[in-house]
Every structure is written in C-alpha cells, then in structure tokens.
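Each remark here refers to the structure printed beneath this line.
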Amino acid sequence: MKKPIVAIVGRPNVGKSTLFNALAGERISIVKDTPGVTRDRIYADVTWLNYSFTMIDTGGIEPDSKDIILSQMREQAQIAIDTADVIVFLTDVRQGLVDSDAKVADMLRRSKKPVVLVVNKVDSFEKYQADTYEFYNLGIGEPFAISAASRLGLGEMLDEVVKYFPQEELEEESEEKPRIAIVGKPNVGKSSIINRIIGENRVIVSDIAGTTRDAVDTPVVRDGKEYIFIDTAGLRRKSKVKEELERFSIIRTVSAVERADVVVVVIDATEGVTEQDAKIAGIAHERGKGIIVAVNKWDAIEKTDKTIYEHRDRMKEVLSFIPYAEYLFISAKSGQRVEKLFETIDVVIQNHSLRIATGVLNEILMEALAMQQPPSDKGRRLRIYYMTQVSVKPPTFVLFVNDKELMHYSYSRYLENRIRDSFGFKGTPIKFIIRERKEQN
C-alpha cells in the first residue's frame with residue numbers, strides 16, 4: 001500500500017511551518033550528507049497511531065496577489081492540492097476569518113478532495129473557543145481548534161485526517177501492475193520518453209520547461225506485461241524564481257515516487273548531473289525504490305568509444321549514494337535504446353521483490369565473517385548470530401547481534417556488498433535492521 005499524502009495549505013503566516021515541524025518532530029532537523037535530504041525540507045514522513053503518511057508543507061496562498069513570489073506560492077500550493085489525498089486547511093484564530101480564507105476555501109472545494117479545517121493559535125480553549133465558531137461560515141465542515149506552537153489539539157486533528165485515507169482494498173486491484181515513475185527536472189524529456197514508449201503524443205510536449213500540468217498515469221502493455229507509467233506534473237509557465245521551481249519539482253517528485261515501485265531518474269546528457277538531479281535521486285533512495293538513471297538526449301553528444309564510460313563514471317561520482325542504480329543512455333527523440341528501458345525495468349522489478357532463503361543467507365554471512373572479522377571496541381567484539389529477510393520492496397534484512405553500537409556503517413556496507421556479489425540486486429537498495437539479542441552461552 002502506498003503512503004497517503006497530506007498537504008498543509010493556507011494563507012501566509014497562519015503557522016503552516018510550525019504545524020509541519022510539530023508533526024514531523026525531530027525528522028525536520030536531520031541533516032545527512034545524502035543529496036535530497038536538505039535542511040529546508042518541505043515534505044516529511046509522519047506516523048500517527050497505525051498510520052504512516054507523507055506530509056507536504058506549501059507556501060502561503062494569496063489568492064489575488066500579483067507579486068511573483070506569492071503567485072508562485074499559489075501555484076505550488078495548487079500542485080500540492082492536486083497530488084494530496086487529504087488537505088489540512090490552516091487558518092488563524094487571532095486574525096479571524098478574512099476574505100482570503102473564503103477564496104482559499106473556494107479553491108479547495110473545487111479540488112473535490114477531503115478537507116480538514118483547522119484553526120491555529122488557540123493557545124487557550126476557554127479564551128478562543130467561541131472565536132473558532134465563525135470559521136463554520138466557510139462551509140467546509142467543522143473547525144478543529146489547535147495550537148501548533150503549544151502542540152494542543154493535534155491528536156483530534158490527526159484522528160480526523162486519517163479517517164479519509166484510502167482503504168487498502170482499493171489499492172489491491174492495481175497492486176499487481178508495476179508502477180514506474182518518470183522523474184527529473186523540468187525539460188529533461190520525461191514526457192518525450194513516455195510518448196516514445198506508447199507511440200503517440202498522449203502527454204503534451206513543448207520546449208518550454210514544465211509544460212506538463214498534471215501527473216498522468218499511462219497504462220502500457222508490452223509483450224503481454226502491463227505497466228503503469230507515472231509522468232510527473234510540470235508547471236503552467238516557466239518560473240523566474242529558481243528556489244520556487246525546485247520546490248515545485250520536489251513536491252511533484254515526492255508524490256510520484258511515493259506511488260511507484262521503480263523510479264526512472266531522467267538526466268539531460270548535455271548538462272550532466274546537477275544538484276537538483278541528486279536531490280531527486282535522493283528522494284527515491286530514501287524511500288527505498290528501485291532506481292534507473294536514464295541519461296536522455298544522448299544523440300546530442302559527440303562520442304568516441306570511451307564517452308559512455310567517462311559520462312557514467314562522472315555521474316556515479318556525484319550519485320555515489322546510489323551505487324546500485326542501473327544506467328541507460330537513451331534518446332527519446334530518436335528512440336535510441338528506449339526499448340532497452342523495459343528490459344532494465346523488468347530486472348529492477350524482479351530484484352526489488354527478490355526473496356533469499358534464510359539458510360542461503362546465513363551461509364553467505366558465515367563466509368563474510370570468516371573473510372573479514374567484525375569490528376571491536378574497547379575489547380568488546382561485535383558478534384552476528386544470524387540474518388533473515390523480513391520484507392521486499394526494498395529487500396530488508398534483520399541482523400541479530402550482541403551489541404548494536406558495535407555495528408559500524410562500514411561493516412554493514414561490507415555485508416551489503418557480499419550479498420550483492422552473490423545475488424546482484426541490481427537497481428534496488430537493500431535495508432538492514434539491526435536487533436540486539438542476549439549473548440549466547
């Protein structure tokens with residue numbers, strides 16, 4: 001089951017980021033060296049009771065503003081609304097109900113999405129309870145009073161949000177068909193690749209960056225197998241604000257990646273890997289998806305017999321956090337190697353769902369332990385008792401050890417490499433869960 005997406009929308013300065021940080025907890029401040037895991041995060045994974053969902057923070061909506069930044073924020077919020085399963089509409093009890101709130105409410109009503117109306121900054125229920133009632137006038141349901149800063153009322157609000165999540169049964173019908181998300185910066189040729197695959201101009205393509213408006217699901221049948229390709233939505237017009245453009249791309253990417261099994265990261269061969277490409281690949285990696293790096297516009301590059309290897313080595317250097325990714329050099333325009341994309345997708349899908357028997361795994365583990373002794377610290381050595389695979393998509397292994405603290409990153413990377421040497425796992429990440437067990441006598 002794919003994670004539902006919840007978007008927080010509202011006018012500027014009503015406390016969206018405060019609510020986002022309160023729900024995301026410490027995750028928001030995590031800074032890793034992995035591209036795609038940035039300080040200024042606009043999405044986060046949230047767990048409430050037995051539910052997990054992805055939350056998106058949006059820029060403030062000013063419905064009538066001509067200001068370029070605010071109009072970009074409005075555009076960004078619209079994309080978040082389009083991709084969300086549930087919308088949290090945040091208002092401010094101190095400012096009261098204003099004309100802009102009514103305009104935002106109209107925008108949300110048109111989306112036909114479930115909306116949870118939330119009134120923020122209610123630090124004292126006795127003092128402000130009566131003031132929350134005027135928000136009934138928006139005509140989008142019962143207002144939930146909260147204080148994001150003091151973390152009051154968040155439980156009731158989340159109980160309401162999770163009521164609208166799609167039920168698992170609804171997912172099962174399409175669960176068998178692999179979903180492939182085509183992601184990348186605007187204008188790298190994502191739609192052209194899908195058009196080449198399906199042989200018709202189903203997705204509008206032009207030279208203006210970001211002319212695809214909505215995320216489009218395109219069913220494709222090839223050699224009797226069914227696939228669903230997800231093309232990520234673009235922008236209505238070219239953005240003049242680089243940071244906002246990146247935020248749009250990230251929202252679209254998170255949404256598409258969340259629903260996919262395999263992610264094809266499209267890179268422009270004439271530009272090489274950019275920082276934003278690395279961020280987009282980082283999102284797919286973080287979420288444990290199968291990854292293919294498709295280098296498009298390869299026909300535009302002057303080549304020798306070494307060009308592919310030189311380009312691949314340079315890209316692998318920048319994308320070193322996904323050493324398992326498969327690389328393809330293609331041209332959507334000429335059709336060069338686009339057919340090979342299906343072969344690669346099939347391999348990655350198979351590896352993403354590969355299960356290894358516990359007996360075989362432990363043979364490899366014992367061999368690996370014999371070849372390179374586990375690390376020790378202050379006279380205490382790591383002991384690994386056994387390993388078992390607990391899930392797929394991505395393949396996830398539990399290692400039972402005497403002391404979690406002794407499991408260094410470098411040693412888990414060594415074990416991962418031994419597993420890959422034996423089973424390949426091309427195109428898919430591998431996850432390790434380390435569990436402590438009492439010393440065996």
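Order determines the names: the first chain of the structure tokens is A, the second B, and so forth; residues in each chain are numbered 1 upward, and ligands are numbered 1 upward as they are shown.
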Residues at most 6 Å from Gly427 in chain A, counting only C-alpha atoms, excluding those fewer than 3 positions away in the same chain, as a ChimeraX atom specification? /A:290-291,324-326,348
Quick one: everything within 6 Å of range 174-191 of chain A, counting only C-alpha atoms, minus sequence neighbours fewer than 4 positions away in the same chain. Send it as number ranges by chain. A: 203, 209-210, 226-231, 256, 260-266, 268
Can you pull out the residues contacting Asn13 in chain A? Cut-off 12 Å, using only C-alpha atoms, and skip same-chain residues under 4 positions away; I want them as a PyMOL selection string. chain A and resi 9+17-19+58-62+90-95+120-121
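Excluding range 44-56 of chain A itself and same-chain residues fewer than 2 positions from it, the residues having an atom within 9 Å of it are Lys2, Lys3, Pro4, Ile5, Val6, Ala7, Ile8, Val9, Phe20, Leu23, Ala24, Gly25, Arg27, Ile28, Arg41, Ile42, Thr58, Ala80, Ala84, Gly155, Leu158, Asp159, Val162, Ile251, Val254, Ser255 and Glu258 of chain A, counting only C-alpha atoms.
Relative to CA of Ala148 in chain A, CA of Ala22 in chain A is found at 6.5 Å.
Residues within 12 Å of Ala370 in chain A, counting only C-alpha atoms and excluding same-chain residues fewer than 5 positions away, are Glu363, Ile364, Leu365, Ile384 and Leu415 of chain A.
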